[in-house]
Amino acid sequence: MPDELDLAQTINEQFLADALAEHQRNRPTGPAAILCEECGEEIPEKRRRIIPGCRRCRECQTVLENRRRCR
Ligand SMILES: [Zn+2]
């Protein structure tokens, strides 16, 4: 059944493309924030340099990621 295989392949590729687009939407872009979006504390320059587009301090980012994982 080559047609069914093709269809499965197409669906899989679409799924991957969607997942990738979603991932890129969620990734912060642009210049890093100087102040944390969550708590307003200054984000250390070192952190801003190693994480492009970083918007939160380490504490807030950790809290956010833990919250996402639990959901
Ligand atoms: Zn913060």
# chains A, B, ... in the order shown; residues from 1 in each chain; ligands from 1
>>> residues_near_ligand(ligand="ligand 1", cutoff="7 Å", atoms="only C-alpha atoms and all ligand atoms", output="list in words")
Cys36, Glu37, Glu38, Cys39, Gly40, Glu41, Arg56, Cys57, Arg58, Glu59 and Cys60 of chain A
>>> select_by_dssp(residues="chain A", states="helix (DSSP H, G or I)", output="PyMOL selection string")
chain A and resi 2-26+45-50+58-70
>>> write_last_selection(atoms="C-alpha atoms", output="mmCIF file, in the first residue's frame")
data_model
loop_
_atom_site.group_PDB
_atom_site.id
_atom_site.type_symbol
_atom_site.label_atom_id
_atom_site.label_comp_id
_atom_site.auth_asym_id
_atom_site.auth_seq_id
_atom_site.Cartn_x
_atom_site.Cartn_y
_atom_site.Cartn_z
ATOM 1 C CA PRO A 2 2.370 2.744 -1.128
ATOM 2 C CA ASP A 3 -0.350 5.422 -0.937
ATOM 3 C CA GLU A 4 -0.910 4.855 2.751
ATOM 4 C CA LEU A 5 2.798 5.016 3.406
ATOM 5 C CA ASP A 6 3.040 8.302 1.529
ATOM 6 C CA LEU A 7 0.177 9.705 3.533
ATOM 7 C CA ALA A 8 1.768 8.665 6.809
ATOM 8 C CA GLN A 9 5.021 10.244 5.696
ATOM 9 C CA THR A 10 3.262 13.496 4.784
ATOM 10 C CA ILE A 11 1.462 13.657 8.123
ATOM 11 C CA ASN A 12 4.693 13.011 9.950
ATOM 12 C CA GLU A 13 6.492 15.772 8.068
ATOM 13 C CA GLN A 14 3.643 18.178 8.760
ATOM 14 C CA PHE A 15 3.762 17.290 12.421
ATOM 15 C CA LEU A 16 7.485 17.945 12.578
ATOM 16 C CA ALA A 17 7.128 21.250 10.751
ATOM 17 C CA ASP A 18 4.412 22.344 13.195
ATOM 18 C CA ALA A 19 6.476 21.292 16.184
ATOM 19 C CA LEU A 20 9.455 23.210 14.868
ATOM 20 C CA ALA A 21 7.401 26.336 14.195
ATOM 21 C CA GLU A 22 5.945 26.125 17.679
ATOM 22 C CA HIS A 23 9.399 25.755 19.158
ATOM 23 C CA GLN A 24 10.665 28.805 17.296
ATOM 24 C CA ARG A 25 7.665 30.884 18.339
ATOM 25 C CA ASN A 26 8.394 30.134 21.980
ATOM 26 C CA GLU A 45 25.417 40.702 31.998
ATOM 27 C CA LYS A 46 27.075 37.297 31.832
ATOM 28 C CA ARG A 47 23.680 35.585 31.631
ATOM 29 C CA ARG A 48 22.492 37.983 28.940
ATOM 30 C CA ARG A 49 25.590 37.266 26.922
ATOM 31 C CA ILE A 50 25.317 33.480 27.049
ATOM 32 C CA ARG A 58 17.746 32.602 36.427
ATOM 33 C CA GLU A 59 15.333 32.223 39.340
ATOM 34 C CA CYS A 60 12.256 33.220 37.346
ATOM 35 C CA GLN A 61 13.289 31.118 34.360
ATOM 36 C CA THR A 62 13.735 28.084 36.598
ATOM 37 C CA VAL A 63 10.332 28.611 38.214
ATOM 38 C CA LEU A 64 8.728 29.016 34.789
ATOM 39 C CA GLU A 65 10.335 25.884 33.398
ATOM 40 C CA ASN A 66 9.366 23.831 36.436
ATOM 41 C CA ARG A 67 5.786 25.059 36.123
ATOM 42 C CA ARG A 68 5.691 24.083 32.430
ATOM 43 C CA ARG A 69 7.051 20.637 33.128
ATOM 44 C CA CYS A 70 4.444 19.923 35.802
#
>>> residues_around(residues="Arg55 of chain A", least_positions_apart="6", cutoff="8 Å", atoms="only C-alpha atoms", output="list in words")
Pro28, Ala32, Ala33, Ile34, Leu35, Cys36 and Glu37 of chain A
